[in-house]
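Engineer: One file: model.txt (compact mmCIF, C-alpha atoms).
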```
# COMPACT_ATOMS: atom_id res chain seq x y z
CA MET A 2 -11.13 -27.21 0.80
CA ALA A 3 -14.11 -28.64 2.68
CA ASP A 4 -17.16 -26.48 3.30
CA ALA A 5 -15.93 -25.02 6.59
CA VAL A 6 -17.66 -22.33 8.58
CA ARG A 7 -15.33 -19.34 8.40
CA LEU A 8 -15.32 -16.37 10.73
CA PRO A 9 -14.96 -12.82 9.41
CA ASP A 10 -12.36 -10.60 11.11
CA PRO A 11 -14.87 -8.73 13.34
CA ALA A 12 -16.23 -12.05 14.62
CA VAL A 13 -12.69 -13.27 15.39
CA GLU A 14 -11.96 -10.02 17.24
CA ALA A 15 -15.19 -10.32 19.22
CA ARG A 16 -14.37 -13.90 20.22
CA LEU A 17 -10.85 -12.93 21.26
CA ALA A 18 -12.22 -10.09 23.38
CA ARG A 19 -14.79 -12.40 24.97
CA LEU A 20 -12.12 -15.04 25.50
CA ASP A 21 -10.02 -12.53 27.43
CA GLU A 22 -13.03 -11.71 29.64
CA VAL A 23 -13.84 -15.37 30.26
CA LEU A 24 -10.25 -16.32 31.05
CA ALA A 25 -9.98 -13.40 33.49
CA GLY A 26 -13.10 -14.68 35.23
CA LEU A 27 -11.73 -18.22 35.61
CA GLU A 28 -9.71 -17.22 38.67
CA SER A 29 -12.79 -16.41 40.71
CA ALA A 30 -15.50 -18.52 39.09
CA PRO A 31 -14.61 -21.72 37.21
CA GLY A 32 -18.10 -21.91 35.61
CA PRO A 33 -17.21 -20.25 32.29
CA ALA A 34 -14.40 -22.73 31.60
CA LEU A 35 -16.48 -24.54 28.99
CA GLU A 36 -17.23 -21.32 27.13
CA ALA A 37 -13.54 -20.42 27.20
CA VAL A 38 -12.64 -23.73 25.61
CA ARG A 39 -15.33 -23.29 22.96
CA LEU A 40 -14.21 -19.77 22.08
CA LEU A 41 -10.57 -20.75 22.07
CA THR A 42 -11.33 -23.66 19.78
CA GLU A 43 -13.21 -21.42 17.35
CA VAL A 44 -10.41 -18.85 17.25
CA TYR A 45 -7.71 -21.50 16.82
CA GLY A 46 -9.77 -23.17 14.12
CA GLU A 47 -9.97 -19.87 12.26
CA ALA A 48 -6.20 -19.40 12.63
CA LEU A 49 -5.56 -22.87 11.21
CA ALA A 50 -7.93 -22.21 8.33
CA ARG A 51 -5.97 -19.07 7.51
CA VAL A 52 -2.73 -21.07 7.51
CA LEU A 53 -4.29 -23.46 5.02
CA ASP A 54 -5.40 -20.52 2.87
CA HIS A 55 -1.75 -19.42 2.54
CA ALA A 56 -0.19 -22.86 2.15
CA ALA A 57 1.03 -24.02 -1.25
CA GLN A 58 -0.12 -27.49 -2.31
CA PRO A 59 3.00 -29.40 -1.13
CA LEU A 60 2.78 -27.78 2.33
CA LEU A 61 -0.96 -28.28 2.46
CA GLN A 62 -0.47 -31.98 1.78
CA GLN A 63 2.26 -32.20 4.45
CA LEU A 64 -0.02 -30.56 7.00
CA ALA A 65 -2.86 -32.93 6.11
CA ASP A 66 -0.59 -35.99 6.23
CA ASP A 67 0.79 -35.13 9.68
CA GLU A 68 -1.17 -37.26 12.15
CA LEU A 69 -1.55 -34.63 14.88
CA LEU A 70 -2.25 -31.78 12.49
CA GLY A 71 -4.60 -33.98 10.49
CA HIS A 72 -6.65 -34.69 13.63
CA LEU A 73 -6.66 -30.99 14.46
CA LEU A 74 -7.83 -30.13 10.94
CA VAL A 75 -10.60 -32.72 11.25
CA LEU A 76 -11.60 -31.36 14.68
CA HIS A 77 -12.08 -27.92 13.17
CA GLY A 78 -13.82 -29.22 10.03
CA ILE A 79 -11.14 -27.79 7.71
CA HIS A 80 -9.28 -30.88 6.53
CA PRO A 81 -8.49 -30.36 2.83
CA GLU A 82 -9.13 -33.99 1.88
CA PRO A 83 -12.56 -35.61 1.74
CA PRO A 84 -13.41 -38.16 4.44
CA GLU A 85 -13.43 -41.01 1.91
CA ARG A 86 -9.79 -40.43 0.98
CA ARG A 87 -8.70 -40.19 4.63
CA ALA A 88 -10.59 -43.37 5.49
CA ALA A 89 -9.12 -45.27 2.53
CA ARG A 90 -5.62 -44.29 3.66
CA ALA A 91 -6.36 -45.53 7.20
CA VAL A 92 -7.41 -48.91 5.79
CA GLU A 93 -4.24 -49.11 3.69
CA ARG A 94 -2.12 -48.41 6.79
CA LEU A 95 -3.76 -51.38 8.56
CA ARG A 96 -3.42 -53.73 5.61
CA PRO A 97 0.14 -54.98 6.36
CA ALA A 98 -0.83 -55.96 9.92
CA VAL A 99 -3.85 -57.89 8.64
CA ARG A 100 -1.70 -59.63 6.01
CA GLU A 101 0.80 -60.66 8.71
CA ARG A 102 -2.06 -62.55 10.34
CA GLY A 103 -2.91 -64.36 7.11
CA GLY A 104 -5.83 -62.18 5.99
CA ASP A 105 -6.33 -59.22 3.74
CA LEU A 106 -8.21 -55.97 3.85
CA ASP A 107 -9.52 -53.81 0.98
CA TRP A 108 -11.20 -50.44 0.89
CA ALA A 109 -14.64 -50.76 -0.74
CA GLY A 110 -15.74 -47.11 -0.60
CA VAL A 111 -18.42 -45.07 1.11
CA GLU A 112 -22.18 -45.41 0.76
CA GLY A 113 -23.90 -42.41 2.26
CA ARG A 114 -22.06 -41.91 5.53
CA VAL A 115 -21.03 -45.55 5.93
CA ALA A 116 -17.51 -46.72 5.14
CA ARG A 117 -17.26 -50.18 3.59
CA VAL A 118 -14.30 -52.55 3.85
CA ARG A 119 -13.74 -56.04 2.56
CA LEU A 120 -12.05 -58.33 5.09
CA ARG A 121 -10.80 -61.77 4.14
CA THR A 122 -9.31 -64.14 6.62
CA GLY A 123 -6.64 -66.55 5.41
CA GLY A 124 -6.96 -70.30 5.55
CA GLY A 125 -5.09 -70.54 8.84
CA CYS A 126 -6.60 -67.33 10.15
CA GLY A 127 -9.82 -66.91 12.03
CA SER A 128 -10.39 -66.70 15.72
CA GLY A 129 -6.96 -68.22 16.34
CA CYS A 130 -5.00 -65.37 14.68
CA GLY A 131 -4.53 -63.29 17.74
CA GLY A 132 -8.03 -61.92 17.61
CA GLY A 133 -9.97 -62.90 14.53
CA SER A 134 -12.09 -60.91 12.14
CA ALA A 135 -14.20 -59.22 14.86
CA ASP A 136 -11.06 -57.74 16.43
CA VAL A 137 -9.72 -56.69 13.02
CA MET A 138 -13.03 -55.01 12.15
CA GLU A 139 -12.98 -53.16 15.48
CA ALA A 140 -9.44 -51.93 14.77
CA VAL A 141 -10.51 -50.85 11.27
CA ARG A 142 -13.60 -49.12 12.66
CA ALA A 143 -11.55 -47.20 15.24
CA ALA A 144 -8.88 -46.18 12.71
CA VAL A 145 -11.37 -45.03 10.07
CA LEU A 146 -13.60 -43.06 12.43
CA ALA A 147 -10.56 -41.40 14.04
CA VAL A 148 -9.51 -39.87 10.72
CA ALA A 149 -13.00 -39.39 9.28
CA PRO A 150 -15.48 -38.71 12.10
CA GLU A 151 -17.89 -37.31 9.49
CA LEU A 152 -18.68 -40.94 8.68
CA GLU A 153 -21.25 -42.66 10.89
CA SER A 154 -19.99 -46.23 10.83
CA VAL A 155 -17.75 -48.81 9.21
CA GLU A 156 -19.25 -52.04 7.92
CA PRO A 157 -17.77 -55.13 6.33
CA VAL A 158 -18.67 -56.06 2.78
CA ALA A 159 -18.88 -59.70 1.82
CA ALA A 160 -16.03 -60.76 -0.46
CA GLU A 161 -17.26 -61.41 -3.97
CA ARG A 162 -16.87 -64.93 -5.14
CA ALA A 163 -15.15 -65.32 -8.45
CA ALA A 164 -17.21 -67.23 -10.99
CA ALA A 165 -15.91 -70.72 -11.59
CA PRO A 166 -14.23 -71.01 -14.96
CA ALA A 167 -16.38 -72.81 -17.52
CA PHE A 168 -15.17 -76.27 -18.42
CA VAL A 169 -14.66 -76.77 -22.13
CA PRO A 170 -13.68 -80.29 -23.13
CA LEU A 171 -10.52 -80.46 -25.22
CA SER A 172 -12.30 -82.65 -27.79
CA THR A 173 -14.73 -79.80 -28.51
CA LEU A 174 -11.88 -77.43 -29.27
CA ARG A 175 -10.25 -79.96 -31.55
CA ARG A 176 -13.49 -80.50 -33.49
CA ARG A 177 -13.92 -76.73 -34.02
CA ALA A 178 -10.35 -76.33 -35.18
CA THR A 179 -10.76 -79.20 -37.65
CA GLN A 180 -14.06 -77.78 -39.01
CA GLU A 181 -12.58 -74.28 -39.41
CA ALA A 182 -9.57 -75.66 -41.26
CA ARG A 183 -11.84 -77.17 -43.97
```
Turn this file's structure into structure tokens for me.

Structural biologist:
Amino acid sequence: MADAVRLPDPAVEARLARLDEVLAGLESAPGPALEAVRLLTEVYGEALARVLDHAAQPLLQQLADDELLGHLLVLHGIHPEPPERRAARAVERLRPAVRERGGDLDWAGVEGRVARVRLRTGGGCGSGCGGGSADVMEAVRAAVLAVAPELESVEPVAAERAAAPAFVPLSTLRRRATQEAR
């Protein structure tokens, strides 16, 4: 599991007691509302972390794969998968939509805290494909940072050009074959 800040039982009890006090005070003075939310978030985060501690691997994976629970796990810094894996999965989920528009999208990894993706637009694609590569990159950026807010940004990587195959005249091959046969 990720390096999450965990609360010992006495700290959880203290936060619950303080939460009760703050919530009771909300009726007369709405000022402590922010503290109540913070304390509630910490206590719920600890409760979720304890659920993960007791979950067998198949259940743990189901919890992580659930979109709402996954976001909640990320919010509390207790998602069991590393940000790179979550981001790669987000890119793969977008790939069919990009292909429908004549392009393609590949996960290229993480460098530091920057996600890298390779975006290729098809021959007929470009700015006329219902948005173009800038819109696709913005959708990718939003999807990746939603599931992996630990990353700072998402940047495109230039597609590598394949080296042109070397031309070997057929007559050269025939000469070599004839010389080897002797």

Engineer: Using all atoms listed in the file, which of the listed residues (A:Leu20, A:Leu64, A:Leu106, A:Leu74) sits closest to Arg90 (chain A)?

Structural biologist: A:Leu106

Engineer: Nearest residue to Arg86 (chain A) out of A:Leu120, A:Val148, A:Val137, A:Ala50, using all atoms listed in the file?

Structural biologist: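 Using all atoms listed in the file, the shortest distance to Arg86 (chain A) belongs to A:Val148.
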
Engineer: Can you pull out every residue within 12 Å of Gly113 (chain A), counting all atoms listed in the file, but drop anything in the same chain fewer than 4 positions away, and send it as a PyMOL selection string?

Structural biologist: chain A and resi 84-85+117+151-155

Engineer: Given the choices A:Leu61, A:Leu53, A:Ala25, A:Met138, which gets closest to Gly104 (chain A) if the distance is worked out from all atoms listed in the file?

Structural biologist: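 The shortest atom-to-atom distance to Gly104 (chain A) comes from A:Met138.
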
Engineer: What is the CA of Ala65 (chain A) to CA of Ala88 (chain A) distance in Å?

Structural biologist: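 Computing it gives 13.0 Å between the two atoms.
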